[in-house]
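K.L.:
This one is coords25.cif, mmCIF, C-alpha atoms.
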data_run
#
loop_
_atom_site.label_atom_id
_atom_site.label_comp_id
_atom_site.auth_asym_id
_atom_site.auth_seq_id
_atom_site.Cartn_x
_atom_site.Cartn_y
_atom_site.Cartn_z
CA ASP V 1 39.49 -19.71 36.27
CA TYR V 2 39.08 -17.32 33.33
CA TYR V 3 40.38 -19.72 30.67
CA ALA V 4 38.83 -22.90 32.05
CA SER V 5 35.42 -21.24 32.28
CA ARG V 6 35.61 -20.65 28.52
CA GLY V 7 36.91 -24.10 27.69
CA LEU V 8 40.34 -22.71 26.86
CA GLY V 9 42.44 -24.44 29.52
CA ASP V 10 46.12 -23.81 28.86
CA VAL V 11 45.76 -23.29 25.12
CA TYR V 12 45.35 -20.13 23.06
CA LYS V 13 47.75 -18.30 25.38
CA ARG V 14 49.92 -16.74 22.66
CA GLN V 15 48.17 -15.02 19.77
CA ILE V 16 50.20 -13.70 16.82
CA PHE V 17 48.78 -11.05 14.47
CA ILE V 18 50.76 -10.51 11.25
CA GLY V 19 50.28 -7.86 8.62
CA ALA V 20 49.96 -4.45 10.26
CA HIS V 21 51.80 -1.29 9.30
CA GLU V 22 54.05 0.32 11.93
CA GLU V 23 51.45 3.06 12.60
CA PRO V 24 48.45 1.78 14.62
CA ASN V 25 45.92 3.93 12.73
CA GLY V 26 43.00 3.20 10.44
CA VAL V 27 42.52 -0.46 9.60
CA ASN V 28 45.75 -1.29 11.46
CA SER V 29 44.01 -0.37 14.70
CA TYR V 30 41.98 -3.57 14.32
CA THR V 31 45.15 -5.62 14.77
CA TYR V 32 46.71 -3.55 17.53
CA ASN V 33 43.57 -3.06 19.61
CA LEU V 34 42.44 -6.68 19.49
CA ALA V 35 45.94 -7.67 20.61
CA LEU V 36 45.76 -5.03 23.35
CA GLU V 37 42.43 -6.29 24.69
CA LEU V 38 43.75 -9.87 24.72
CA LYS V 39 46.79 -8.72 26.68
CA LYS V 40 44.56 -7.00 29.24
CA ARG V 41 42.98 -10.40 29.86
CA GLY V 42 46.29 -12.15 30.47
CA PHE V 43 46.89 -13.57 27.01
CA GLU V 44 50.29 -13.17 25.42
CA SER V 45 49.51 -11.25 22.23
CA PHE V 46 52.15 -10.26 19.72
CA VAL V 47 52.03 -8.15 16.55
CA MET V 48 54.34 -8.53 13.56
CA SER V 49 54.38 -5.45 11.37
CA PHE V 50 56.21 -3.99 8.39
CA GLY V 51 57.95 -0.64 8.34
CA SER V 52 61.06 1.31 7.46
CA CYS V 53 63.47 -0.62 9.72
CA ASN V 54 63.91 -3.76 11.83
CA LYS V 55 63.03 -3.12 15.46
CA VAL V 56 61.17 -4.44 18.46
CA THR V 57 58.84 -2.02 20.20
CA ASP V 58 55.45 -2.05 21.88
CA TYR V 59 51.98 -0.55 21.65
CA LYS V 60 50.59 0.11 25.12
CA GLY V 61 52.35 -3.01 26.35
CA VAL V 62 51.73 -5.22 23.30
CA LYS V 63 55.02 -6.42 21.85
CA ILE V 64 55.60 -5.48 18.21
CA LYS V 65 58.27 -7.09 16.06
CA GLN V 66 58.75 -4.91 13.01
CA TYR V 67 60.47 -6.12 9.83
CA ARG V 68 61.99 -3.81 7.28
CA THR V 69 60.26 -3.92 3.90
CA TRP V 70 60.29 -1.80 0.77
CA GLY V 71 57.71 -0.30 -1.53
CA ASN V 72 53.99 -0.11 -0.87
CA THR V 73 51.63 -2.34 1.09
CA MET V 74 51.16 -4.70 -1.87
CA THR V 75 54.88 -5.51 -1.91
CA SER V 76 55.50 -5.26 1.83
CA ILE V 77 52.86 -7.75 3.00
CA PRO V 78 54.26 -10.87 1.26
CA VAL V 79 57.79 -9.95 2.38
CA LEU V 80 56.59 -9.60 5.97
CA TYR V 81 54.78 -12.95 5.85
CA LEU V 82 57.91 -14.73 4.64
CA LYS V 83 60.28 -12.91 7.00
CA SER V 84 58.13 -13.85 9.98
CA LEU V 85 58.35 -17.60 9.33
CA PRO V 86 61.71 -18.28 11.06
CA TYR V 87 60.43 -16.72 14.29
CA LEU V 88 57.15 -18.61 14.12
CA ILE V 89 58.86 -21.94 13.49
CA LYS V 90 61.41 -21.36 16.25
CA HIS V 91 58.68 -20.53 18.79
CA ARG V 92 56.03 -22.91 17.44
CA LYS V 93 55.53 -24.71 20.78
CA GLU V 94 54.59 -21.42 22.44
CA ILE V 95 52.20 -20.23 19.69
CA ASP V 96 48.61 -21.33 19.34
CA MET V 97 47.06 -18.98 16.78
CA VAL V 98 48.51 -16.98 13.90
CA MET V 99 46.12 -14.50 12.28
CA TYR V 100 47.17 -13.03 8.93
CA GLN V 101 45.64 -9.67 8.06
CA THR V 102 45.10 -10.53 4.40
CA VAL V 103 44.09 -13.71 2.59
CA THR V 104 46.10 -13.00 -0.54
CA PHE V 105 49.81 -13.76 0.03
CA SER V 106 49.14 -15.77 3.21
CA VAL V 107 48.47 -19.15 1.56
CA ILE V 108 52.00 -20.59 1.63
CA PRO V 109 53.03 -19.03 4.99
CA SER V 110 49.75 -20.21 6.54
CA LEU V 111 50.29 -23.74 5.22
CA ILE V 112 53.81 -23.82 6.66
CA VAL V 113 52.50 -22.58 10.01
CA ARG V 114 49.92 -25.37 10.12
CA LEU V 115 52.50 -27.99 9.15
CA PHE V 116 54.43 -26.99 12.27
CA GLY V 117 51.38 -27.51 14.49
CA MET V 118 50.07 -23.96 14.86
CA LYS V 119 46.54 -22.82 14.07
CA SER V 120 46.10 -20.09 11.47
CA SER V 121 43.44 -17.87 9.97
CA ALA V 122 43.29 -14.97 7.53
CA ILE V 123 41.03 -11.95 7.61
CA ILE V 124 39.25 -10.01 4.87
CA HIS V 125 38.64 -6.36 5.74
CA SER V 126 37.51 -5.41 2.25
CA LEU V 127 37.71 -6.72 -1.30
CA ALA V 128 40.46 -4.89 -3.18
CA GLU V 129 38.79 -5.31 -6.56
CA ASP V 130 35.96 -3.00 -5.42
CA SER V 131 38.26 0.03 -5.32
CA PRO V 132 37.67 2.49 -8.20
CA LYS V 133 41.43 3.10 -8.44
CA HIS V 134 41.88 -0.24 -10.23
CA GLY V 135 41.26 -0.73 -13.95
CA LYS V 136 39.47 -3.71 -15.51
CA MET V 137 42.59 -5.84 -15.96
CA MET V 138 43.79 -5.22 -12.40
CA LYS V 139 40.33 -6.06 -11.03
CA LYS V 140 40.37 -9.37 -12.92
CA LEU V 141 43.86 -10.13 -11.59
CA LEU V 142 42.85 -9.30 -8.03
CA MET V 143 39.77 -11.49 -8.26
CA ALA V 144 41.75 -14.39 -9.71
CA SER V 145 44.37 -14.16 -6.95
CA MET V 146 41.66 -13.96 -4.26
CA ARG V 147 39.82 -16.97 -5.71
CA LEU V 148 43.03 -18.99 -5.67
CA ALA V 149 43.96 -17.87 -2.17
CA LEU V 150 40.52 -18.68 -0.75
CA ALA V 151 40.63 -22.15 -2.26
CA PHE V 152 43.68 -22.97 -0.13
CA THR V 153 42.84 -21.01 3.03
CA LYS V 154 41.19 -23.07 5.73
CA ASN V 155 39.94 -20.47 8.22
CA VAL V 156 38.72 -17.16 6.83
CA VAL V 157 37.38 -14.31 8.95
CA THR V 158 35.74 -11.09 7.82
CA VAL V 159 34.50 -8.02 9.66
CA SER V 160 30.79 -7.86 8.90
CA CYS V 161 27.88 -10.11 7.99
CA THR V 162 27.38 -8.20 4.75
CA LYS V 163 31.02 -8.67 3.78
CA ALA V 164 30.76 -12.39 4.58
CA LYS V 165 27.74 -12.56 2.28
CA GLU V 166 29.64 -10.71 -0.49
CA VAL V 167 32.56 -13.13 -0.21
CA TYR V 168 30.25 -16.13 -0.36
CA ASN V 169 28.27 -14.78 -3.33
CA ARG V 170 31.41 -13.88 -5.25
CA TYR V 171 33.77 -16.71 -4.29
CA HIS V 172 31.56 -19.40 -2.69
CA LYS V 173 33.69 -19.32 0.46
CA SER V 174 32.13 -19.25 3.94
CA CYS V 175 33.67 -16.86 6.46
CA LYS V 176 33.42 -16.41 10.20
CA VAL V 177 32.54 -12.86 11.33
CA LEU V 178 34.63 -10.86 13.80
CA PRO V 179 33.54 -7.20 13.66
CA CYS V 180 35.71 -4.15 14.08
CA GLY V 181 35.55 -2.39 17.42
CA VAL V 182 36.55 0.72 19.35
CA PHE V 183 37.46 1.62 22.88
CA LEU V 184 34.89 4.02 24.30
CA PRO V 185 36.33 7.52 24.73
CA VAL V 186 37.37 8.69 28.18
CA ASP V 187 36.49 12.25 29.17
CA ARG V 188 39.83 13.87 30.00
CA GLU V 189 41.85 16.99 29.23
CA LEU V 190 43.51 16.75 25.83
CA ASN V 191 47.05 17.90 25.15
CA THR V 192 46.71 19.31 21.65
CA ASP V 193 46.33 22.63 19.83
CA ILE V 194 44.98 21.16 16.58
CA LEU V 195 41.82 23.26 16.66
CA GLU V 196 43.63 26.56 17.27
CA LYS V 197 46.47 25.78 14.85
CA ASN V 198 44.06 25.08 11.98
CA GLY V 199 41.41 27.66 12.83
CA ILE V 200 38.80 24.96 13.45
CA GLN V 201 35.67 26.15 15.27
CA VAL V 202 34.20 24.01 18.03
CA SER V 203 30.88 22.35 17.09
CA LYS V 204 30.83 24.09 13.71
CA PHE V 205 32.44 21.50 11.45
CA PHE V 206 31.76 18.29 9.56
CA LEU V 207 34.52 15.71 10.03
CA THR V 208 35.94 12.77 8.16
CA ILE V 209 39.21 11.00 8.99
CA GLY V 210 40.87 8.10 7.23
CA ARG V 211 42.89 6.69 4.40
CA ILE V 212 42.89 9.11 1.48
CA ASP V 213 41.70 6.75 -1.22
CA PRO V 214 39.30 7.10 -4.18
CA ILE V 215 36.92 4.55 -2.62
CA LYS V 216 36.17 7.13 0.11
CA ASN V 217 34.76 9.67 -2.39
CA TYR V 218 36.18 12.75 -0.68
CA GLU V 219 35.48 14.76 -3.82
CA VAL V 220 31.75 14.23 -3.18
CA LEU V 221 32.04 15.77 0.30
CA ILE V 222 34.09 18.67 -1.05
CA ASP V 223 31.66 19.38 -3.91
CA ALA V 224 28.65 19.15 -1.59
CA PHE V 225 30.22 21.54 0.89
CA LYS V 226 31.30 24.07 -1.74
CA GLN V 227 28.01 24.00 -3.63
CA HIS V 228 25.79 25.13 -0.78
CA ASN V 229 25.74 28.25 1.37
CA HIS V 230 27.75 26.87 4.29
CA ALA V 231 28.21 30.27 5.96
CA ASP V 232 30.82 29.85 8.73
CA TYR V 233 30.57 26.05 8.94
CA GLN V 234 33.67 24.01 8.06
CA LEU V 235 34.62 20.68 6.52
CA VAL V 236 37.67 18.97 8.06
CA ILE V 237 39.33 16.07 6.21
CA GLY V 238 42.00 14.28 8.24
CA GLY V 239 44.53 12.04 6.53
CA ASP V 240 47.69 11.94 4.44
CA VAL V 241 47.05 13.92 1.25
CA ASN V 242 50.58 13.35 -0.09
CA SER V 243 49.44 11.03 -2.88
CA ALA V 244 48.12 11.49 -6.41
CA TYR V 245 44.51 11.25 -5.23
CA GLY V 246 45.24 13.36 -2.15
CA ARG V 247 46.60 16.15 -4.31
CA THR V 248 43.50 16.07 -6.53
CA ILE V 249 41.15 16.59 -3.59
CA VAL V 250 43.28 19.41 -2.19
CA GLU V 251 43.12 21.08 -5.61
CA ARG V 252 39.37 20.49 -5.71
CA ALA V 253 38.99 22.32 -2.39
CA GLU V 254 40.95 25.37 -3.58
CA GLY V 255 39.12 28.65 -3.19
CA CYS V 256 37.24 27.52 -0.07
CA LYS V 257 39.05 28.48 3.11
CA ASN V 258 36.47 26.57 5.17
CA ILE V 259 37.72 23.21 3.92
CA ILE V 260 40.64 22.24 6.16
CA PHE V 261 43.25 19.48 5.77
CA PRO V 262 45.04 19.02 9.11
CA GLY V 263 47.07 16.03 7.84
CA ILE V 264 47.44 12.69 9.61
CA VAL V 265 45.80 12.85 13.03
CA TYR V 266 46.05 10.44 15.94
CA GLY V 267 46.07 10.45 19.73
CA ASP V 268 44.83 13.61 21.43
CA ALA V 269 44.59 15.51 18.14
CA LYS V 270 42.23 12.94 16.69
CA MET V 271 40.23 12.82 19.90
CA ALA V 272 39.86 16.62 19.87
CA LEU V 273 38.45 16.55 16.34
CA LEU V 274 36.03 13.73 17.14
CA LYS V 275 34.93 15.37 20.39
CA ASN V 276 34.25 18.79 18.85
CA CYS V 277 32.73 18.06 15.43
CA MET V 278 28.97 18.16 14.90
CA ALA V 279 28.71 15.27 12.44
CA TYR V 280 30.90 12.43 11.18
CA CYS V 281 30.85 11.86 7.42
CA LEU V 282 31.61 8.64 5.52
CA VAL V 283 30.45 8.60 1.89
CA SER V 284 32.44 5.59 0.65
CA SER V 285 31.59 3.34 -2.30
CA SER V 286 32.51 0.22 -0.32
CA GLU V 287 33.60 -0.70 3.22
CA GLY V 288 34.26 -3.80 5.29
CA LEU V 289 33.00 -2.47 8.59
CA PRO V 290 34.28 1.09 9.01
CA ILE V 291 36.24 1.65 12.22
CA ALA V 292 36.28 5.38 11.45
CA LEU V 293 32.47 5.49 11.53
CA LEU V 294 32.38 3.53 14.81
CA GLU V 295 34.83 6.04 16.29
CA GLY V 296 32.62 8.95 15.28
CA MET V 297 29.57 7.17 16.69
CA SER V 298 31.37 6.46 19.98
CA TYR V 299 31.67 10.22 20.45
CA GLY V 300 27.93 10.61 19.91
CA LYS V 301 28.12 12.27 16.50
CA ILE V 302 25.44 12.37 13.81
CA PRO V 303 26.36 9.88 11.01
CA VAL V 304 26.34 11.28 7.45
CA VAL V 305 26.72 8.15 5.33
CA THR V 306 26.21 6.37 2.03
CA ARG V 307 23.69 3.59 1.67
CA ILE V 308 26.10 0.68 1.28
CA PRO V 309 25.62 -2.77 2.88
CA SER V 310 28.19 -2.60 5.68
CA ILE V 311 26.98 0.80 6.91
CA GLN V 312 23.36 -0.31 6.64
CA GLU V 313 24.27 -3.29 8.81
CA VAL V 314 25.45 -0.95 11.57
CA LEU V 315 22.78 1.78 11.41
CA GLU V 316 19.67 0.99 9.41
CA LYS V 317 17.69 -1.11 11.90
CA TYR V 318 18.08 1.70 14.46
CA LYS V 319 16.60 4.20 11.99
CA ILE V 320 19.39 6.75 12.31
CA GLY V 321 21.83 8.34 9.88
CA LEU V 322 21.54 10.95 7.16
CA TRP V 323 21.79 8.83 4.04
CA SER V 324 22.82 9.35 0.44
CA THR V 325 23.38 7.09 -2.53
CA VAL V 326 26.99 6.66 -3.67
CA ASN V 327 28.39 9.71 -5.51
CA ASN V 328 25.17 11.71 -5.11
CA VAL V 329 26.33 15.25 -4.35
CA GLU V 330 22.80 16.68 -4.15
CA GLU V 331 21.77 14.27 -1.40
CA VAL V 332 24.90 15.05 0.61
CA ILE V 333 24.16 18.77 0.24
CA ALA V 334 20.65 18.17 1.63
CA ASN V 335 22.11 16.26 4.59
CA MET V 336 24.62 19.01 5.39
CA ILE V 337 21.94 21.71 5.19
CA ALA V 338 19.66 19.66 7.46
CA ILE V 339 22.36 19.48 10.13
CA GLU V 340 23.24 23.17 9.83
CA LYS V 341 19.60 24.25 10.14
CA ASP V 342 18.30 21.68 12.61
CA PHE V 343 21.29 20.44 14.61
CA ASN V 344 19.54 20.53 17.98
CA THR V 345 16.83 18.17 16.73
CA LEU V 346 19.15 15.80 14.85
CA LYS V 347 21.81 15.52 17.55
CA VAL V 348 19.64 12.93 19.34
CA GLN V 349 20.86 10.56 16.61
CA GLY V 350 24.31 10.91 18.11
CA LYS V 351 23.09 9.52 21.43
CA THR V 352 21.64 6.51 19.64
CA ALA V 353 24.88 6.10 17.69
CA ARG V 354 26.87 6.03 20.92
CA GLN V 355 24.50 3.42 22.37
CA ILE V 356 24.87 1.20 19.28
CA VAL V 357 28.63 1.15 19.82
CA GLU V 358 28.32 0.50 23.56
CA ASP V 359 25.99 -2.44 22.92
CA ASN V 360 27.79 -4.07 19.98
CA TYR V 361 31.21 -2.76 19.00
CA THR V 362 33.53 -2.29 21.98
CA TRP V 363 36.84 -4.16 22.01
CA PRO V 364 35.94 -6.15 25.14
CA GLN V 365 32.89 -7.47 23.28
CA ILE V 366 34.90 -8.21 20.14
CA CYS V 367 37.54 -9.97 22.24
CA ASP V 368 34.85 -12.24 23.73
CA ARG V 369 33.79 -13.17 20.20
CA TYR V 370 37.39 -13.77 19.18
CA LEU V 371 37.94 -16.20 22.05
CA GLU V 372 34.85 -18.14 21.03
CA LEU V 373 35.94 -18.07 17.41
CA VAL V 374 39.38 -19.55 17.89
CA LYS V 375 37.87 -22.58 19.63
CA GLU V 376 36.19 -23.42 16.31
CA PHE V 377 39.42 -23.41 14.29
#
Spit out the file's structure as structure tokens when you get a sec.
P.N.:
Amino acid sequence: DYYASRGLGDVYKRQIFIGAHEEPNGVNSYTYNLALELKKRGFESFVMSFGSCNKVTDYKGVKIKQYRTWGNTMTSIPVLYLKSLPYLIKHRKEIDMVMYQTVTFSVIPSLIVRLFGMKSSAIIHSLAEDSPKHGKMMKKLLMASMRLALAFTKNVVTVSCTKAKEVYNRYHKSCKVLPCGVFLPVDRELNTDILEKNGIQVSKFFLTIGRIDPIKNYEVLIDAFKQHNHADYQLVIGGDVNSAYGRTIVERAEGCKNIIFPGIVYGDAKMALLKNCMAYCLVSSSEGLPIALLEGMSYGKIPVVTRIPSIQEVLEKYKIGLWSTVNNVEEVIANMIAIEKDFNTLKVQGKTARQIVEDNYTWPQICDRYLELVKEF
């Protein structure tokens, strides 16, 4: 049968993923969608998340047990890890694998889980100390806490080969690699008016969607767009701008009606933006393996990207992408102008981008790799 053919037998039937936020967007989609693909194959997958209240719900059939926490992600994650322990211990005979979504804070919970006979692992999506929002002292503290956590974490997973290399070079810790993935888009009628409501023109806009964070360098996109003759083209930035950094980029865009902030987008609204943009932009300083870029590629969009290791890993060997160095406004301007003037020639890159995703980064493929991975733990 399916499990026996993969050497799984009756084990690995219940998979627990701990550490997601209640909204299955951005990096959280890694947790929810891997659990969803496992469920499609008959595994019992279960997500434990943090949010504004205690509740049990589901995501497309995947059971979600949400615990109430307070404050930001940094304070909510350790609370969630500790609050989840009673459930894990009570159901330990039914659970085979517990995957924590961060290494930091998971050391003691992971140790307790293993003492009760369950397997555990922790995943690194990115290294927090690389974010420009942290000062020197905070970076040193983050690195010290990561070094300590890695010393006591048995099974560590990360999302790209380049990130695994970074972790090894910085912390001398070997990681397994389980990339991010996407579900390929289905061509169907969308129930949304996001384009009309925001005055967004079909096939006339650059798009970026994601967490509004300084590491994403949205100010570079805004400056590049404003500083060239963009005519009736538009720049659409999707995400929650209700933060200190979010407010600074909204202020930076003032005076340009062609820069549009539609807010947080998901579901059909997000699909409509991805389907109708002409290029997907990601000009970050650092990434693990960007799900947002893979989503844009899955819709066959031209990638406008920075030359950083994780993006190079996805695109460079296929010789596609309009590249810039980090924080180089002039190079981004040149890339935008190239697309505006020669879209019909460059759009063939979108077809290649779509094929890259089909061949390497769909959730069924990632799920196959996950099932092989857990046998090694």
K.L.:
So which one's closest to Cys281 (chain V), V:Ile209, V:Gly263, V:Ser310, V:Ala334? Using all atoms listed in the file, please.
P.N.:
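Counting all atoms listed in the file, the residue closest to Cys281 (chain V) is V:Ile209.
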K.L.:
CA of Val236 (chain V) and CA of Leu207 (chain V), how far apart in Å?
P.N.:
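These two atoms are separated by 4.9 Å.
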K.L.:
Which residues, written as a VMD selection string, have at least one atom at most 12 Å from Arg211 (chain V), with only C-alpha atoms counted and residues fewer than 4 positions away on the same chain left out?
P.N.:
chain V and resid 25 to 28 215 to 218 237 to 243 245 to 246 263 to 265 282 284 287 290 to 292
K.L.:
Between CA of Met138 (chain V) and CA of Val159 (chain V), what is the spacing in Å?
P.N.:
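Calculated distance between CA of Val159 (chain V) and CA of Met138 (chain V) is 24.1 Å.
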K.L.:
As number ranges by chain, please: the residues near region 101-117 of chain V (cut-off 6 Å, all atoms listed in the file, same-chain neighbours under 6 positions excluded).
P.N.:
V: 19, 78, 123-124, 146, 149
K.L.:
Would you mind exporting the chosen residues as a compact mmCIF listing (two decimals), in the frame of the given file, restricted to C-alpha atoms?
P.N.:
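Here's the written file again_22.txt:
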# COMPACT_ATOMS: atom_id res chain seq x y z
CA GLY V 19 50.28 -7.86 8.62
CA PRO V 78 54.26 -10.87 1.26
CA ILE V 123 41.03 -11.95 7.61
CA ILE V 124 39.25 -10.01 4.87
CA MET V 146 41.66 -13.96 -4.26
CA ALA V 149 43.96 -17.87 -2.17
K.L.:
Selected by the PyMOL selection byres ((chain V and resi 30) around 12) in the shown coordinates: which residues, as a ChimeraX atom specification?
P.N.:
/V:17-21,23-29,31-37,47,99,101,123-125,158-159,178-183,288-292,294,361-363,366-367
K.L.:
Near region 172-175 of chain V, counting all atoms listed in the file, which residues have an atom at most 7 Å away, once you skip same-chain residues fewer than 3 positions from it, shown as a ChimeraX atom specification?
P.N.:
/V:150,156-158,164,167-169
K.L.:
Okay, now the selection with C-alpha atoms, as a PDB file, in the frame of the given file?
P.N.:
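And here's selection_11.pdb as it stands now:
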ATOM      1  CA  LEU V 150      40.520 -18.680  -0.750  1.00  0.00           C
ATOM      2  CA  VAL V 156      38.720 -17.160   6.830  1.00  0.00           C
ATOM      3  CA  VAL V 157      37.380 -14.310   8.950  1.00  0.00           C
ATOM      4  CA  THR V 158      35.740 -11.090   7.820  1.00  0.00           C
ATOM      5  CA  ALA V 164      30.760 -12.390   4.580  1.00  0.00           C
ATOM      6  CA  VAL V 167      32.560 -13.130  -0.210  1.00  0.00           C
ATOM      7  CA  TYR V 168      30.250 -16.130  -0.360  1.00  0.00           C
ATOM      8  CA  ASN V 169      28.270 -14.780  -3.330  1.00  0.00           C
TER       9      ASN V 169
END
K.L.:
List the neighbours of region 93-98 of chain V out to 6 Å using all atoms listed in the file; skip same-chain residues closer than 6 positions along the sequence, and give me the result as a list in words.
P.N.:
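Residues near the query, excluding close chain neighbours: Tyr12, Arg14, Gln15, Ile16, Phe17, Met118, Lys119 and Ser120 of chain V.
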K.L.:
Which residues are close to region 184-200 of chain V, i.e. within 9 Å by all atoms listed in the file, leaving aside same-chain residues fewer than 4 positions away? Reply as a PDB file with C-alpha atoms, in the frame of the given file.
P.N.:
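Once everything was written out, this is part-v6.pdb:
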ATOM      1  CA  LYS V 204      30.830  24.090  13.710  1.00  0.00           C
ATOM      2  CA  PHE V 205      32.440  21.500  11.450  1.00  0.00           C
ATOM      3  CA  GLN V 234      33.670  24.010   8.060  1.00  0.00           C
ATOM      4  CA  VAL V 236      37.670  18.970   8.060  1.00  0.00           C
ATOM      5  CA  ASN V 258      36.470  26.570   5.170  1.00  0.00           C
ATOM      6  CA  ILE V 260      40.640  22.240   6.160  1.00  0.00           C
ATOM      7  CA  PHE V 261      43.250  19.480   5.770  1.00  0.00           C
ATOM      8  CA  PRO V 262      45.040  19.020   9.110  1.00  0.00           C
ATOM      9  CA  ASP V 268      44.830  13.610  21.430  1.00  0.00           C
ATOM     10  CA  ALA V 269      44.590  15.510  18.140  1.00  0.00           C
ATOM     11  CA  LYS V 270      42.230  12.940  16.690  1.00  0.00           C
ATOM     12  CA  MET V 271      40.230  12.820  19.900  1.00  0.00           C
ATOM     13  CA  ALA V 272      39.860  16.620  19.870  1.00  0.00           C
ATOM     14  CA  LEU V 273      38.450  16.550  16.340  1.00  0.00           C
ATOM     15  CA  GLU V 295      34.830   6.040  16.290  1.00  0.00           C
ATOM     16  CA  SER V 298      31.370   6.460  19.980  1.00  0.00           C
ATOM     17  CA  TYR V 299      31.670  10.220  20.450  1.00  0.00           C
ATOM     18  CA  ARG V 354      26.870   6.030  20.920  1.00  0.00           C
ATOM     19  CA  VAL V 357      28.630   1.150  19.820  1.00  0.00           C
ATOM     20  CA  GLU V 358      28.320   0.500  23.560  1.00  0.00           C
ATOM     21  CA  THR V 362      33.530  -2.290  21.980  1.00  0.00           C
ATOM     22  CA  TRP V 363      36.840  -4.160  22.010  1.00  0.00           C
TER      23      TRP V 363
END
K.L.:
Can you find the residues with an atom no farther than 9 Å from (33.6, 19.2, 0.3), counting all atoms listed in the file, and report them as a CSV table (one decimal) with C-alpha atoms, in the coordinates of the input?
P.N.:
chain,number,residue,atom,x,y,z
V,218,TYR,CA,36.2,12.8,-0.7
V,219,GLU,CA,35.5,14.8,-3.8
V,220,VAL,CA,31.8,14.2,-3.2
V,221,LEU,CA,32.0,15.8,0.3
V,222,ILE,CA,34.1,18.7,-1.0
V,223,ASP,CA,31.7,19.4,-3.9
V,224,ALA,CA,28.6,19.2,-1.6
V,225,PHE,CA,30.2,21.5,0.9
V,226,LYS,CA,31.3,24.1,-1.7
V,227,GLN,CA,28.0,24.0,-3.6
V,235,LEU,CA,34.6,20.7,6.5
V,236,VAL,CA,37.7,19.0,8.1
V,237,ILE,CA,39.3,16.1,6.2
V,249,ILE,CA,41.2,16.6,-3.6
V,252,ARG,CA,39.4,20.5,-5.7
V,253,ALA,CA,39.0,22.3,-2.4
V,259,ILE,CA,37.7,23.2,3.9
K.L.:
Could you tell me how far CA of Met137 (chain V) sits from CA of Asp213 (chain V), in Å to one decimal place?
P.N.:
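Calculated distance between CA of Asp213 (chain V) and CA of Met137 (chain V) is 19.4 Å.
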K.L.:
Can you work out which one of V:Ser324, V:Ser49, V:Thr345, V:Thr57 has the shortest atom-to-atom distance to Ser76 (chain V), counting all atoms listed in the file?
P.N.:
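The answer is V:Ser49, which sits nearest to Ser76 (chain V).
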K.L.:
Care to translate the PyMOL selection byres ((chain V and resi 68) around 10) into actual residues of this file, as a CSV table (one decimal) with C-alpha atoms, in the frame of the given file?
P.N.:
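Contents of the output file selection-v5.csv:
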chain,number,residue,atom,x,y,z
V,49,SER,CA,54.4,-5.4,11.4
V,50,PHE,CA,56.2,-4.0,8.4
V,51,GLY,CA,58.0,-0.6,8.3
V,52,SER,CA,61.1,1.3,7.5
V,53,CYS,CA,63.5,-0.6,9.7
V,54,ASN,CA,63.9,-3.8,11.8
V,55,LYS,CA,63.0,-3.1,15.5
V,66,GLN,CA,58.8,-4.9,13.0
V,67,TYR,CA,60.5,-6.1,9.8
V,69,THR,CA,60.3,-3.9,3.9
V,70,TRP,CA,60.3,-1.8,0.8
V,76,SER,CA,55.5,-5.3,1.8
V,79,VAL,CA,57.8,-10.0,2.4
V,80,LEU,CA,56.6,-9.6,6.0
V,83,LYS,CA,60.3,-12.9,7.0
K.L.:
Quick check on the file I pasted: which residues fall under the PyMOL selection byres ((chain V and resi 62) around 7)? Write them as a list in words.
P.N.:
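Checked against the file, the PyMOL selection byres ((chain V and resi 62) around 7) matches Ala35, Leu36, Lys39, Ser45, Phe46, Asp58, Tyr59, Lys60, Gly61, Lys63 and Ile64 of chain V.
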K.L.:
Can I get the selected residues back with C-alpha atoms, as a PDB file, in the coordinates of the input?
P.N.:
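Wrote part_11.pdb, looks like this:
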ATOM      1  CA  ALA V  35      45.940  -7.670  20.610  1.00  0.00           C
ATOM      2  CA  LEU V  36      45.760  -5.030  23.350  1.00  0.00           C
ATOM      3  CA  LYS V  39      46.790  -8.720  26.680  1.00  0.00           C
ATOM      4  CA  SER V  45      49.510 -11.250  22.230  1.00  0.00           C
ATOM      5  CA  PHE V  46      52.150 -10.260  19.720  1.00  0.00           C
ATOM      6  CA  ASP V  58      55.450  -2.050  21.880  1.00  0.00           C
ATOM      7  CA  TYR V  59      51.980  -0.550  21.650  1.00  0.00           C
ATOM      8  CA  LYS V  60      50.590   0.110  25.120  1.00  0.00           C
ATOM      9  CA  GLY V  61      52.350  -3.010  26.350  1.00  0.00           C
ATOM     10  CA  LYS V  63      55.020  -6.420  21.850  1.00  0.00           C
ATOM     11  CA  ILE V  64      55.600  -5.480  18.210  1.00  0.00           C
TER      12      ILE V  64
END
K.L.:
Neighbourhood query: residues within 12 Å of (26.1, -1.3, 3.4), file coordinates, counting only C-alpha atoms; return as a PyMOL selection string.
P.N.:
chain V and resi 160-163+165-166+282-290+305-317+323-326
K.L.:
Using all atoms of region 239-245 of chain V listed in the file and a margin of 6 Å per side, can you give the axis-aligned box centre and edge lengths in Å to one decimal, as JSON?
P.N.:
{"center_x": 47.5, "center_y": 12.5, "center_z": 0.1, "size_x": 18.1, "size_y": 14.9, "size_z": 24.9}
K.L.:
Pick from V:Leu127, V:Leu293, V:Ala279, V:Ile339: nearest to Gly210 (chain V), with all atoms listed in the file counted?
P.N.:
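Using all atoms listed in the file, Gly210 (chain V) sits closest to V:Leu293.
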